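Okay, so here's the structure we're looking at.
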Amino acid sequence: MAAVKYAKKYVEDVEFYAEDAGRTDNEYLARVIEAVTKAGATVCNIPDTTGFRTPYEYGEKIKYLCEHVDAFAAGKSILSTHCHNDLGMATANTCAGVLNGARQVEVTINGIGERAGNTSLEEIAMIFKTHPDLGIETNINTQKIWPTSRMVSTLMNMPVQPNKAIVGKNAFAHSSGIHQDGVLKNTSTYEIMDPKEVGIDENSIVLTARSGRAALKHRLHILGIEMENQEQLDKLYQKFLEMADKKKQLGDEDLLVLAGVTSSTDNLVQMESLQVTSGKGITPIAAIKLKIANEVFEAAATGNGPVDASVKALKQIIHRQMELKELTIQAINKGSDDLCKVHVQVEHEGVVYYGFGSNTDIVAATMEAYIDCINKFKVAKL
């Protein structure tokens, strides 16, 4: 009480934090909260510090405080939640708290936090957005969720698990044939929210051995390949299944090979050579040679790393507004001398293009993938 009164001399909004309130007796906790609200606390935080309580128990605790502390009923103070995820119940507990009277929630991007983490902001925001019948509004611009998640992940060097709700890279990815067909016909069949609501351009159809003809036809259409009839699609689908049995996941380059498209000779832009110098204590520099419509162009540039230098050199030749959105490197097998696959996403004029490259050199594979995207731009003249 003394600390609350002292703080009240300097600021109007004072929050009292009841450490380990989750395991505190409700009657005793109510007496403590009653005292601090009379001393001037405008927010009372009820943390489940150890992540111990079940949603029912935590909800009942919030409800008990709302009914037994005069300041909450009078609107002079509000209850706040702060839940930990030790038993995987942080989001459920926070929801239970809100539905029982809490009007402030303490959350984190990507659920980062002590031990197993805290309640995820993105989960709470989308739970109440997809359930408007609950009558709870967060006033959060949810379209900023995805880019903010990626920024936090990068700055903290903490990758987001692929199957993480809302912001995991698989959250809107569909690999099952039945799911893919349903999503292509009507996204609401297997998606309870529009990916664009959280800042993702579109859902992802991942081609695997479980994919069906509809998903294969859809991806071929995106690549500019149209099937003349059902018989042609059936024959290609059988080849697709044979390749999918050997590889975990098929990329655009694989589909082009299946469809008989030899992109290496037909592409408008081809990489003739790439020379990169990089290492510790030196400035990375890249020299690239491109053949564009049978004419050779050369450029060199420095950068923050070998890939950055290579991309900057490429942009000296191809003057288009384009931005590297995502880069994924995957080894085909094991070993430092292995061939690697690189998948990139490049945005150009508001459209995201997917590119693929493979090489024993990671930088070369990356640039091949980048140029693969460029060749898919709906621009004939570079």
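Every chain in the structure tokens takes a letter, A first, then B, and so on in the order presented; its residues are numbered from 1, and the ligands are numbered from 1 following the presented order.
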query: Could you pull the residues within 6 Å of range 341-346 of chain A, counting only C-alpha atoms, minus those fewer than 5 positions along the same chain, as a ChimeraX atom specification?
result: /A:323-330,352-358,365-366
Store the residues picked out above, limited to N, CA, C and O atoms, as a short mmCIF file (atom, residue, chain, number, x, y, z; two decimals), in the first residue's frame.
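Output saved as selection.cif:
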```
data_model
loop_
_atom_site.label_atom_id
_atom_site.label_comp_id
_atom_site.auth_asym_id
_atom_site.auth_seq_id
_atom_site.Cartn_x
_atom_site.Cartn_y
_atom_site.Cartn_z
N GLU A 323 12.05 -6.56 -54.07
CA GLU A 323 12.50 -6.74 -52.69
C GLU A 323 12.49 -8.22 -52.31
O GLU A 323 11.50 -8.92 -52.53
N LEU A 324 13.60 -8.67 -51.75
CA LEU A 324 13.69 -10.05 -51.28
C LEU A 324 12.89 -10.18 -49.99
O LEU A 324 13.20 -9.55 -48.98
N LYS A 325 11.83 -10.99 -50.02
CA LYS A 325 10.93 -11.11 -48.86
C LYS A 325 11.31 -12.27 -47.96
O LYS A 325 11.18 -12.18 -46.74
N GLU A 326 11.75 -13.39 -48.56
CA GLU A 326 12.08 -14.55 -47.74
C GLU A 326 13.07 -15.44 -48.49
O GLU A 326 13.05 -15.53 -49.71
N LEU A 327 13.95 -16.06 -47.73
CA LEU A 327 14.97 -16.94 -48.31
C LEU A 327 15.09 -18.18 -47.45
O LEU A 327 15.29 -18.09 -46.24
N THR A 328 14.96 -19.35 -48.07
CA THR A 328 15.05 -20.62 -47.35
C THR A 328 16.09 -21.50 -48.02
O THR A 328 16.04 -21.71 -49.24
N ILE A 329 17.02 -22.01 -47.23
CA ILE A 329 18.08 -22.87 -47.74
C ILE A 329 17.86 -24.28 -47.21
O ILE A 329 17.62 -24.48 -46.02
N GLN A 330 17.94 -25.26 -48.10
CA GLN A 330 17.70 -26.64 -47.70
C GLN A 330 18.74 -27.55 -48.36
O GLN A 330 18.94 -27.50 -49.58
N VAL A 352 4.10 -11.11 -55.19
CA VAL A 352 5.20 -11.92 -54.68
C VAL A 352 5.44 -13.10 -55.62
O VAL A 352 4.53 -13.86 -55.93
N TYR A 353 6.68 -13.22 -56.09
CA TYR A 353 7.06 -14.30 -56.99
C TYR A 353 7.95 -15.30 -56.25
O TYR A 353 8.77 -14.91 -55.41
N TYR A 354 7.80 -16.57 -56.58
CA TYR A 354 8.55 -17.63 -55.93
C TYR A 354 9.63 -18.13 -56.89
O TYR A 354 9.35 -18.40 -58.06
N GLY A 355 10.86 -18.25 -56.39
CA GLY A 355 11.95 -18.70 -57.24
C GLY A 355 12.70 -19.86 -56.61
O GLY A 355 12.70 -20.04 -55.39
N PHE A 356 13.35 -20.65 -57.46
CA PHE A 356 14.06 -21.84 -57.01
C PHE A 356 15.44 -21.86 -57.65
O PHE A 356 15.62 -21.51 -58.81
N GLY A 357 16.43 -22.30 -56.88
CA GLY A 357 17.78 -22.46 -57.40
C GLY A 357 18.48 -23.60 -56.69
O GLY A 357 18.18 -23.89 -55.52
N SER A 358 19.38 -24.27 -57.36
CA SER A 358 20.14 -25.35 -56.73
C SER A 358 21.59 -25.28 -57.19
O SER A 358 21.87 -25.06 -58.36
N ALA A 365 23.30 -20.52 -55.69
CA ALA A 365 21.94 -21.07 -55.68
C ALA A 365 20.92 -19.98 -55.37
O ALA A 365 19.83 -19.94 -55.95
N THR A 366 21.29 -19.08 -54.45
CA THR A 366 20.40 -17.98 -54.09
C THR A 366 20.16 -17.06 -55.27
O THR A 366 19.03 -16.64 -55.54
#
```
message: Need to verify the contact set: range 114-118 of chain A, 8 Å, only C-alpha atoms, exclusion of same-chain residues closer than 4 positions in sequence. Can you return it as a ChimeraX atom specification?
response: /A:82-86,90,107-108
Based on the selection just made, write C-alpha atoms of those residues as a PDB file, in the first residue's frame.
```pdb
ATOM      1  CA  HIS A  82      -0.365 -12.040 -17.167  1.00  0.00           C
ATOM      2  CA  CYS A  83      -0.186 -15.731 -18.024  1.00  0.00           C
ATOM      3  CA  HIS A  84       2.760 -18.064 -18.550  1.00  0.00           C
ATOM      4  CA  ASN A  85       2.765 -21.067 -20.850  1.00  0.00           C
ATOM      5  CA  ASP A  86       4.450 -23.761 -18.735  1.00  0.00           C
ATOM      6  CA  ALA A  90      -1.366 -19.242 -21.410  1.00  0.00           C
ATOM      7  CA  VAL A 107       1.079 -10.457 -23.997  1.00  0.00           C
ATOM      8  CA  THR A 108       4.186 -10.842 -26.153  1.00  0.00           C
TER       9      THR A 108
END
```
statement: A straight line from CA of Ser77 in chain A to CA of Ile145 in chain A spans 29.3 Å
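The space separating CA of Ala293 in chain A from CA of His348 in chain A comes to 20.6 Å.
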field: Nearest candidate to Lys8 in chain A (options A:Ala39, A:Ile33, A:Ile371, A:Met271; using only C-alpha atoms)
entry: A:Ala39
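From CA of Ala2 in chain A back to CA of Asp70 in chain A, the distance works out to 19.8 Å.
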query: Which one of A:Arg213, A:Ala244, A:Cys44, A:Ala7 sits closest to Glu231 in chain A if you count only C-alpha atoms?
result: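 The shortest atom-to-atom distance to Glu231 in chain A comes from A:Arg213.
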